[in-house]
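Shown below: upload-v1.json, with JSON, C-alpha atoms and all ligand atoms.
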[["chain", "number", "residue", "atom", "x", "y", "z"],
["A", 1, "MET", "CA", -50.00, 31.24, 24.30],
["A", 2, "THR", "CA", -51.22, 32.73, 27.59],
["A", 3, "THR", "CA", -49.39, 35.39, 29.61],
["A", 4, "GLY", "CA", -48.35, 32.79, 32.17],
["A", 5, "HIS", "CA", -46.80, 30.58, 29.49],
["A", 6, "ILE", "CA", -44.74, 33.38, 28.03],
["A", 7, "MET", "CA", -43.14, 34.18, 31.38],
["A", 8, "ASN", "CA", -42.61, 30.45, 32.07],
["A", 9, "THR", "CA", -40.18, 30.13, 29.18],
["A", 10, "VAL", "CA", -36.43, 30.31, 29.77],
["A", 11, "ARG", "CA", -36.46, 33.80, 28.31],
["A", 12, "GLY", "CA", -39.39, 34.74, 30.51],
["A", 13, "GLN", "CA", -37.53, 33.59, 33.61],
["A", 14, "MET", "CA", -34.46, 35.58, 32.55],
["A", 15, "ILE", "CA", -36.68, 38.65, 32.27],
["A", 16, "LEU", "CA", -38.28, 38.10, 35.68],
["A", 17, "ASP", "CA", -34.83, 37.56, 37.28],
["A", 18, "HIS", "CA", -33.33, 40.66, 35.70],
["A", 19, "VAL", "CA", -32.47, 43.32, 38.27],
["A", 20, "PHE", "CA", -33.10, 47.07, 38.19],
["A", 21, "PRO", "CA", -32.04, 49.65, 40.80],
["A", 22, "VAL", "CA", -35.34, 50.89, 42.23],
["A", 23, "VAL", "CA", -35.58, 54.11, 44.24],
["A", 24, "GLU", "CA", -39.27, 53.76, 45.08],
["A", 25, "ILE", "CA", -42.52, 52.14, 44.01],
["A", 26, "PHE", "CA", -45.69, 53.93, 45.03],
["A", 27, "SER", "CA", -49.33, 54.53, 44.14],
["A", 28, "SER", "CA", -50.50, 58.02, 43.30],
["A", 29, "ILE", "CA", -52.12, 59.83, 40.40],
["A", 30, "GLN", "CA", -50.51, 60.87, 37.16],
["A", 31, "GLY", "CA", -49.65, 64.50, 37.79],
["A", 32, "GLU", "CA", -48.56, 65.41, 34.25],
["A", 33, "GLY", "CA", -49.47, 65.00, 30.63],
["A", 34, "PHE", "CA", -52.63, 63.94, 28.85],
["A", 35, "LEU", "CA", -53.30, 61.18, 31.40],
["A", 36, "ILE", "CA", -53.31, 63.71, 34.24],
["A", 37, "GLY", "CA", -55.46, 62.64, 37.17],
["A", 38, "GLN", "CA", -55.31, 58.92, 36.38],
["A", 39, "PRO", "CA", -54.66, 56.75, 39.45],
["A", 40, "CYS", "CA", -51.53, 54.71, 38.75],
["A", 41, "ASP", "CA", -48.44, 53.08, 40.22],
["A", 42, "PHE", "CA", -44.98, 54.57, 39.76],
["A", 43, "ILE", "CA", -41.69, 52.70, 39.46],
["A", 44, "ARG", "CA", -38.80, 55.12, 39.94],
["A", 45, "LEU", "CA", -35.47, 53.77, 38.69],
["A", 46, "ALA", "CA", -32.17, 55.18, 39.93],
["A", 47, "GLY", "CA", -29.74, 57.38, 38.07],
["A", 48, "CYS", "CA", -29.91, 60.10, 35.46],
["A", 49, "ASN", "CA", -27.58, 60.81, 32.56],
["A", 50, "MET", "CA", -28.18, 64.59, 32.60],
["A", 51, "ASN", "CA", -25.05, 66.17, 33.98],
["A", 52, "PRO", "CA", -25.13, 68.82, 35.26],
["A", 53, "SER", "CA", -28.68, 68.17, 36.32],
["A", 54, "CYS", "CA", -31.69, 70.20, 35.24],
["A", 55, "SER", "CA", -32.08, 73.37, 37.29],
["A", 56, "TYR", "CA", -35.59, 72.49, 38.48],
["A", 57, "CYS", "CA", -35.03, 68.76, 39.05],
["A", 58, "ASP", "CA", -37.29, 67.58, 41.88],
["A", 59, "THR", "CA", -35.92, 64.02, 41.96],
["A", 60, "LYS", "CA", -32.25, 64.67, 42.74],
["A", 61, "TYR", "CA", -32.52, 61.87, 45.32],
["A", 62, "ALA", "CA", -32.97, 59.47, 42.37],
["A", 63, "GLN", "CA", -29.95, 60.63, 40.39],
["A", 64, "GLY", "CA", -27.06, 58.76, 41.98],
["A", 65, "GLU", "CA", -25.96, 55.36, 40.74],
["A", 66, "VAL", "CA", -26.31, 54.00, 44.26],
["A", 67, "SER", "CA", -29.58, 55.65, 45.23],
["A", 68, "GLY", "CA", -31.65, 52.58, 44.35],
["A", 69, "THR", "CA", -32.07, 49.05, 45.69],
["A", 70, "ASP", "CA", -31.52, 46.23, 43.21],
["A", 71, "MET", "CA", -34.80, 44.42, 42.62],
["A", 72, "PRO", "CA", -35.63, 41.60, 40.21],
["A", 73, "VAL", "CA", -38.51, 42.27, 37.85],
["A", 74, "ARG", "CA", -40.64, 39.56, 39.55],
["A", 75, "ASP", "CA", -40.44, 41.49, 42.88],
["A", 76, "ILE", "CA", -41.16, 44.82, 41.23],
["A", 77, "ILE", "CA", -44.33, 43.37, 39.72],
["A", 78, "LYS", "CA", -45.45, 41.91, 43.05],
["A", 79, "GLN", "CA", -45.49, 45.40, 44.57],
["A", 80, "LEU", "CA", -47.85, 46.85, 41.96],
["A", 81, "THR", "CA", -51.52, 47.30, 42.72],
["A", 82, "ARG", "CA", -52.88, 49.23, 39.77],
["A", 83, "LYS", "CA", -53.24, 48.54, 36.09],
["A", 84, "PRO", "CA", -51.62, 51.77, 34.78],
["A", 85, "VAL", "CA", -47.91, 51.92, 35.59],
["A", 86, "VAL", "CA", -45.46, 54.76, 35.00],
["A", 87, "VAL", "CA", -41.77, 53.89, 34.71],
["A", 88, "THR", "CA", -39.79, 56.99, 35.57],
["A", 89, "GLY", "CA", -36.54, 58.14, 37.14],
["A", 90, "GLY", "CA", -33.98, 59.55, 37.08],
["A", 91, "GLU", "CA", -33.79, 58.38, 33.50],
["A", 92, "PRO", "CA", -35.15, 54.89, 32.78],
["A", 93, "CYS", "CA", -33.69, 54.75, 29.27],
["A", 94, "ARG", "CA", -30.24, 54.40, 30.85],
["A", 95, "PHE", "CA", -31.00, 50.70, 31.20],
["A", 96, "GLN", "CA", -30.19, 48.50, 28.26],
["A", 97, "ARG", "CA", -32.88, 45.96, 29.20],
["A", 98, "LEU", "CA", -35.62, 48.46, 29.93],
["A", 99, "ASP", "CA", -37.66, 46.67, 27.29],
["A", 100, "TRP", "CA", -37.64, 43.53, 29.47],
["A", 101, "LEU", "CA", -39.21, 45.39, 32.36],
["A", 102, "VAL", "CA", -41.85, 46.88, 30.09],
["A", 103, "GLU", "CA", -42.51, 43.54, 28.40],
["A", 104, "ALA", "CA", -43.03, 41.83, 31.77],
["A", 105, "LEU", "CA", -45.36, 44.59, 32.92],
["A", 106, "ILE", "CA", -47.45, 44.28, 29.78],
["A", 107, "HIS", "CA", -47.61, 40.49, 30.12],
["A", 108, "HIS", "CA", -48.89, 40.95, 33.67],
["A", 109, "GLY", "CA", -51.73, 43.10, 32.42],
["A", 110, "HIS", "CA", -50.38, 46.58, 33.05],
["A", 111, "VAL", "CA", -50.66, 49.61, 30.80],
["A", 112, "VAL", "CA", -47.24, 51.22, 30.68],
["A", 113, "THR", "CA", -46.01, 54.79, 30.34],
["A", 114, "ILE", "CA", -42.27, 55.41, 29.99],
["A", 115, "GLU", "CA", -41.12, 58.87, 31.03],
["A", 116, "THR", "CA", -37.83, 59.92, 29.48],
["A", 117, "ASN", "CA", -35.83, 63.11, 29.05],
["A", 118, "GLY", "CA", -35.31, 62.56, 25.31],
["A", 119, "THR", "CA", -31.52, 62.24, 25.37],
["A", 120, "LEU", "CA", -31.22, 58.45, 25.15],
["A", 121, "PHE", "CA", -32.68, 56.21, 22.46],
["A", 122, "ARG", "CA", -34.00, 52.72, 23.29],
["A", 123, "PRO", "CA", -36.02, 51.71, 20.24],
["A", 124, "GLU", "CA", -36.76, 48.23, 21.68],
["A", 125, "VAL", "CA", -39.15, 49.69, 24.26],
["A", 126, "MET", "CA", -41.35, 51.12, 21.51],
["A", 127, "TRP", "CA", -42.70, 47.64, 20.75],
["A", 128, "HIS", "CA", -44.17, 47.22, 24.23],
["A", 129, "THR", "CA", -44.85, 50.67, 25.64],
["A", 130, "ASN", "CA", -48.38, 52.10, 25.59],
["A", 131, "VAL", "CA", -47.29, 55.71, 26.11],
["A", 132, "LEU", "CA", -43.85, 57.12, 25.35],
["A", 133, "SER", "CA", -43.69, 60.42, 27.21],
["A", 134, "ILE", "CA", -40.65, 62.51, 26.26],
["A", 135, "SER", "CA", -39.81, 65.67, 28.15],
["A", 136, "PRO", "CA", -37.19, 67.52, 26.09],
["A", 137, "LYS", "CA", -35.18, 69.82, 28.31],
["A", 138, "LEU", "CA", -35.28, 73.53, 27.47],
["A", 139, "PRO", "CA", -33.08, 76.54, 28.35],
["A", 140, "ASN", "CA", -34.83, 76.98, 31.71],
["A", 141, "ALA", "CA", -33.46, 73.57, 32.69],
["A", 142, "GLY", "CA", -29.98, 74.54, 31.49],
["A", 143, "HIS", "CA", -30.15, 72.30, 28.42],
["A", 144, "MET", "CA", -31.37, 72.17, 24.83],
["A", 145, "PRO", "CA", -33.44, 69.39, 23.23],
["A", 146, "ASN", "CA", -31.35, 66.58, 21.79],
["A", 147, "MET", "CA", -32.65, 66.68, 18.23],
["A", 148, "PRO", "CA", -30.85, 63.57, 16.88],
["A", 149, "VAL", "CA", -32.38, 61.48, 19.68],
["A", 150, "LEU", "CA", -35.82, 63.06, 19.26],
["A", 151, "ARG", "CA", -35.70, 62.42, 15.51],
["A", 152, "ALA", "CA", -34.67, 58.81, 16.16],
["A", 153, "TRP", "CA", -37.67, 58.31, 18.49],
["A", 154, "ARG", "CA", -39.97, 59.89, 15.91],
["A", 155, "ASP", "CA", -38.66, 57.60, 13.18],
["A", 156, "ALA", "CA", -39.00, 54.54, 15.43],
["A", 157, "TRP", "CA", -42.57, 55.34, 16.43],
["A", 158, "VAL", "CA", -45.12, 52.67, 15.70],
["A", 159, "PRO", "CA", -48.83, 52.92, 16.40],
["A", 160, "PRO", "CA", -50.66, 52.34, 18.66],
["A", 161, "THR", "CA", -47.99, 53.66, 21.05],
["A", 162, "VAL", "CA", -48.94, 57.18, 22.10],
["A", 163, "PHE", "CA", -46.15, 59.68, 21.51],
["A", 164, "GLN", "CA", -46.28, 62.52, 24.00],
["A", 165, "LEU", "CA", -43.96, 65.54, 24.05],
["A", 166, "LYS", "CA", -44.07, 67.39, 27.32],
["A", 167, "PHE", "CA", -42.45, 70.81, 27.63],
["A", 168, "VAL", "CA", -41.79, 72.52, 30.95],
["A", 169, "ILE", "CA", -41.94, 76.25, 30.28],
["A", 170, "SER", "CA", -40.50, 79.17, 32.27],
["A", 171, "ASP", "CA", -40.48, 81.99, 29.73],
["A", 172, "SER", "CA", -40.95, 82.92, 26.09],
["A", 173, "THR", "CA", -37.45, 81.66, 25.19],
["A", 174, "ASP", "CA", -38.58, 78.18, 26.20],
["A", 175, "ILE", "CA", -41.65, 78.52, 23.99],
["A", 176, "ASP", "CA", -39.40, 79.59, 21.08],
["A", 177, "VAL", "CA", -37.27, 76.49, 21.53],
["A", 178, "ALA", "CA", -40.34, 74.25, 21.87],
["A", 179, "VAL", "CA", -41.69, 75.67, 18.59],
["A", 180, "GLN", "CA", -38.34, 75.06, 16.85],
["A", 181, "THR", "CA", -38.25, 71.52, 18.22],
["A", 182, "LEU", "CA", -41.78, 70.69, 17.07],
["A", 183, "ASP", "CA", -41.26, 72.38, 13.72],
["A", 184, "GLU", "CA", -38.13, 70.35, 13.06],
["A", 185, "LEU", "CA", -39.74, 67.09, 14.16],
["A", 186, "LEU", "CA", -42.83, 67.63, 12.06],
["A", 187, "CYS", "CA", -41.11, 68.75, 8.87],
["A", 188, "ALA", "CA", -40.26, 65.17, 7.88],
["A", 189, "CYS", "CA", -42.88, 63.05, 9.59],
["A", 190, "SER", "CA", -45.92, 61.10, 8.49],
["A", 191, "LEU", "CA", -49.39, 62.61, 8.74],
["A", 192, "GLN", "CA", -50.24, 59.68, 11.01],
["A", 193, "PHE", "CA", -47.48, 60.73, 13.42],
["A", 194, "GLU", "CA", -48.57, 64.38, 13.45],
["A", 195, "CYS", "CA", -52.21, 63.45, 14.06],
["A", 196, "GLY", "CA", -51.32, 61.08, 16.88],
["A", 197, "LEU", "CA", -48.93, 63.43, 18.67],
["A", 198, "GLU", "CA", -49.86, 64.68, 22.14],
["A", 199, "VAL", "CA", -48.21, 68.03, 22.97],
["A", 200, "VAL", "CA", -48.23, 69.19, 26.57],
["A", 201, "PHE", "CA", -47.10, 72.48, 28.05],
["A", 202, "GLN", "CA", -46.75, 72.94, 31.75],
["A", 203, "PRO", "CA", -45.44, 75.91, 33.69],
["A", 204, "GLU", "CA", -42.24, 75.32, 35.61],
["A", 205, "GLY", "CA", -43.26, 74.51, 39.15],
["A", 206, "SER", "CA", -41.89, 77.46, 41.14],
["A", 207, "GLY", "CA", -43.98, 80.50, 42.10],
["A", 208, "ASP", "CA", -47.73, 80.97, 41.88],
["A", 209, "ILE", "CA", -48.84, 78.08, 39.66],
["A", 210, "LEU", "CA", -52.21, 79.58, 38.75],
["A", 211, "ASP", "CA", -50.54, 82.86, 37.79],
["A", 212, "ARG", "CA", -48.05, 80.96, 35.64],
["A", 213, "MET", "CA", -50.86, 78.90, 34.09],
["A", 214, "ARG", "CA", -52.64, 82.12, 33.08],
["A", 215, "TRP", "CA", -49.44, 83.49, 31.54],
["A", 216, "LEU", "CA", -48.72, 80.23, 29.69],
["A", 217, "THR", "CA", -52.29, 79.95, 28.36],
["A", 218, "VAL", "CA", -52.10, 83.43, 26.81],
["A", 219, "ALA", "CA", -48.54, 82.86, 25.53],
["A", 220, "ILE", "CA", -49.53, 79.64, 23.74],
["A", 221, "ALA", "CA", -52.74, 81.18, 22.37],
["A", 222, "ASP", "CA", -50.63, 83.99, 20.87],
["A", 223, "ARG", "CA", -48.64, 81.54, 18.73],
["A", 224, "ALA", "CA", -50.52, 80.62, 15.56],
["A", 225, "PHE", "CA", -48.05, 77.75, 15.14],
["A", 226, "PHE", "CA", -50.02, 75.66, 17.63],
["A", 227, "ASN", "CA", -53.30, 75.93, 15.73],
["A", 228, "ARG", "CA", -52.22, 73.05, 13.49],
["A", 229, "PHE", "CA", -52.26, 70.52, 16.33],
["A", 230, "GLU", "CA", -55.18, 68.32, 17.19],
["A", 231, "ARG", "CA", -54.07, 67.74, 20.76],
["A", 232, "VAL", "CA", -52.27, 70.49, 22.67],
["A", 233, "TYR", "CA", -52.73, 70.71, 26.42],
["A", 234, "ILE", "CA", -51.73, 73.38, 28.91],
["A", 235, "LEU", "CA", -51.61, 71.72, 32.29],
["A", 236, "PRO", "CA", -50.25, 72.30, 35.78],
["A", 237, "GLN", "CA", -48.18, 69.65, 37.55],
["A", 238, "LEU", "CA", -51.11, 68.30, 39.55],
["A", 239, "HIS", "CA", -49.06, 66.33, 42.08],
["A", 240, "LYS", "CA", -47.15, 69.50, 42.98],
["A", 241, "LEU", "CA", -50.39, 71.37, 43.55],
["A", 242, "LEU", "CA", -51.57, 68.56, 45.82],
["A", 243, "TRP", "CA", -48.40, 67.59, 47.65],
["A", 244, "GLY", "CA", -45.59, 70.02, 46.75],
["A", 245, "ASN", "CA", -42.25, 68.22, 46.52],
["A", 246, "GLU", "CA", -43.21, 65.43, 48.93],
["A", 247, "ARG", "CA", -41.80, 62.03, 47.95],
["A", 248, "GLY", "CA", -43.75, 58.87, 47.26],
["A", 249, "VAL", "CA", -47.10, 60.48, 46.41],
["A", 301, "LIG", "S1", -33.66, 64.66, 33.30],
["A", 301, "LIG", "FE1", -35.24, 64.58, 34.89],
["A", 301, "LIG", "S2", -34.32, 63.36, 36.55],
["A", 301, "LIG", "FE2", -32.66, 63.98, 35.19],
["A", 301, "LIG", "S3", -31.85, 65.88, 36.09],
["A", 301, "LIG", "FE3", -33.39, 66.47, 34.55],
["A", 301, "LIG", "S4", -35.34, 66.68, 35.67],
["A", 301, "LIG", "FE4", -33.89, 65.51, 36.99]]
Using structure tokens, write down the structure that the file contains.
Ligand code: SF4
Amino acid sequence: MTTGHIMNTVRGQMILDHVFPVVEIFSSIQGEGFLIGQPCDFIRLAGCNMNPSCSYCDTKYAQGEVSGTDMPVRDIIKQLTRKPVVVTGGEPCRFQRLDWLVEALIHHGHVVTIETNGTLFRPEVMWHTNVLSISPKLPNAGHMPNMPVLRAWRDAWVPPTVFQLKFVISDSTDIDVAVQTLDELLCACSLQFECGLEVVFQPEGSGDILDRMRWLTVAIADRAFFNRFERVYILPQLHKLLWGNERGV
């Protein structure tokens, strides 16, 4: 069955008619994670479940329930221009039918990254998503990682979905908590999961980024714990270097 046929079924039409509150859709480059620098489109959905919000949140405009405009999936897809698409927020996993959006994107030829804060579990999206990018919140954000949800995502992981854990680091306490989080997740996982895991560290965005990158590089190198990983990255938030906190870029 071709892509067109799938979306022409009754179920396909239901998916295309389903509405999500969209804050913005824009083209830019991926500013974070192992796909950093990749030109892509972003779909930012409204609302976040983290309350009170993370201390460094740069998308507070996307947090309110009413900050988005309801758009059917068919109209969201029409606005996209690039093959790679990042679904972000706010917190996209708030939406029970997030899997429908991802499924429609995949059927229209897109490669999809879901960005989530790791506090809500939507196992259905795992079957369609190319990259699941979880950013567990650390003490610098005013939160701790939600281990039951992170374990649930780990247990639901199926290849070839890429499983990325992205930690925003302010100080050595955050590194301690990131180590605990990884240690706990890896103590009962398959070798396949451990080998496929992408682990990203990025300095929290305030202050001199290059100075913070230097500090973070040395701090990670000092921890023998990280030597076991195949893929650990220390990266800046590229979009912030290029555009600061400007919206829609
Ligand atoms: S989870 Fe993300 S969107 Fe929500 S408050 Fe924290 S940084 Fe902001």
- Query: Which protein, DNA or RNA residues have an atom within 12 Å of ligand LIG 301 (chain A), counting all atoms listed in the file, as a PyMOL selection string?
  - Reply: chain A and resi 44-64+88-94+115-120+134-146+166-168+204-205
- Task: Give as a list in words the set of residues within 12 Å of the point (-40.1, 65.4, 12.5), where distances use the file's coordinates and only C-alpha atoms.
- Result: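 Within the cut-off we find Met147, Pro148, Val149, Leu150, Arg151, Ala152, Trp153, Arg154, Asp155, Ala156, Trp157, Gln180, Thr181, Leu182, Asp183, Glu184, Leu185, Leu186, Cys187, Ala188, Cys189, Ser190, Leu191, Gln192, Phe193, Glu194 and Leu197 of chain A.
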Give me a file of those residues, with C-alpha atoms, as a compact mmCIF listing (two decimals), in the frame of the given file.
# COMPACT_ATOMS: atom_id res chain seq x y z
CA MET A 147 -32.65 66.68 18.23
CA PRO A 148 -30.85 63.57 16.88
CA VAL A 149 -32.38 61.48 19.68
CA LEU A 150 -35.82 63.06 19.26
CA ARG A 151 -35.70 62.42 15.51
CA ALA A 152 -34.67 58.81 16.16
CA TRP A 153 -37.67 58.31 18.49
CA ARG A 154 -39.97 59.89 15.91
CA ASP A 155 -38.66 57.60 13.18
CA ALA A 156 -39.00 54.54 15.43
CA TRP A 157 -42.57 55.34 16.43
CA GLN A 180 -38.34 75.06 16.85
CA THR A 181 -38.25 71.52 18.22
CA LEU A 182 -41.78 70.69 17.07
CA ASP A 183 -41.26 72.38 13.72
CA GLU A 184 -38.13 70.35 13.06
CA LEU A 185 -39.74 67.09 14.16
CA LEU A 186 -42.83 67.63 12.06
CA CYS A 187 -41.11 68.75 8.87
CA ALA A 188 -40.26 65.17 7.88
CA CYS A 189 -42.88 63.05 9.59
CA SER A 190 -45.92 61.10 8.49
CA LEU A 191 -49.39 62.61 8.74
CA GLN A 192 -50.24 59.68 11.01
CA PHE A 193 -47.48 60.73 13.42
CA GLU A 194 -48.57 64.38 13.45
CA LEU A 197 -48.93 63.43 18.67
- Query: Taking into account all atoms listed in the file, which residue in the set A:Pro84, A:Gly244, A:Cys195, A:Ser172 is nearest to Gly207 of chain A?
  - Reply: A:Gly244
- Item | Nearest to Asp211 of chain A by atom-to-atom distance, counting all atoms listed in the file, from A:Pro236, A:Gly109, A:Val199, A:Met71 | A:Pro236
- Message: At a cut-off of 12 Å, using all atoms listed in the file, what residues contact Ile234 of chain A? Leave out same-chain residues fewer than 2 positions from it and give the result as an MDAnalysis selection string.
- Response: chainID A and resid 32:34 36 166:169 198:204 210 212:221 226 231:232 236:238
- Nearest to His110 of chain A by atom-to-atom distance, counting only C-alpha atoms, from A:Val73, A:Val158, A:Ile29, A:Cys40: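 Smallest separation from His110 of chain A among the options: A:Cys40.
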- Message: As an exercise, work out the distance from atom CA of Asp17 of chain A to atom CA of Val102 of chain A in Å and give it to one decimal place.
- Response: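 Straight-line distance from atom CA of Asp17 of chain A to atom CA of Val102 of chain A works out to 13.7 Å.
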- To one decimal in Å, tell me the separation between atom CA of Ser27 of chain A and atom CA of Val87 of chain A.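 Between atom CA of Ser27 of chain A and atom CA of Val87 of chain A the gap works out to 12.1 Å.
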- If we count all atoms listed in the file, what is near Arg82 of chain A at a cut-off of 12 Å, once residues fewer than 3 positions away on the same chain are taken out, given as a list in words? Ile25, Phe26, Ser27, Ser28, Ile29, Gln38, Pro39, Cys40, Asp41, Phe42, Ile43, Ile77, Lys78, Gln79, Val85, Val86, Leu105, His108, Gly109, His110, Val111 and Val112 of chain A
- Task: Using atom CA of Phe225 of chain A and atom CA of Val162 of chain A as the two end points, give the distance in Å to one decimal.
- Result: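 Computing the Euclidean distance for atom CA of Phe225 of chain A and atom CA of Val162 of chain A yields 21.7 Å.
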- Query: What would the list of residues within 8 Å of (-35.4, 46.6, 42.3) (file frame) look like as a ChimeraX atom specification, if all atoms listed in the file are what count?
  - Reply: /A:19-23,68-73,75-76
- Check the smallest atom-to-atom distance from each of A:Gln13, A:Asn130, A:Thr161, A:Ser170 to Trp100 of chain A using only C-alpha atoms, then report the winner.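 Among the listed residues, the smallest separation from Trp100 of chain A belongs to A:Gln13.
Of the listed residues (A:Gln96, A:Ser206, A:Asn227, A:Ser67), A:Ser206 comes nearest to Lys240 of chain A; the distances count all atoms listed in the file.
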- Item | Counting all atoms listed in the file, the option among A:Glu230, A:Val125, A:Asp176, A:Gly12 closest to Ala104 of chain A |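 Ranking A:Glu230, A:Val125, A:Asp176, A:Gly12 by distance to Ala104 of chain A, first place goes to A:Gly12.
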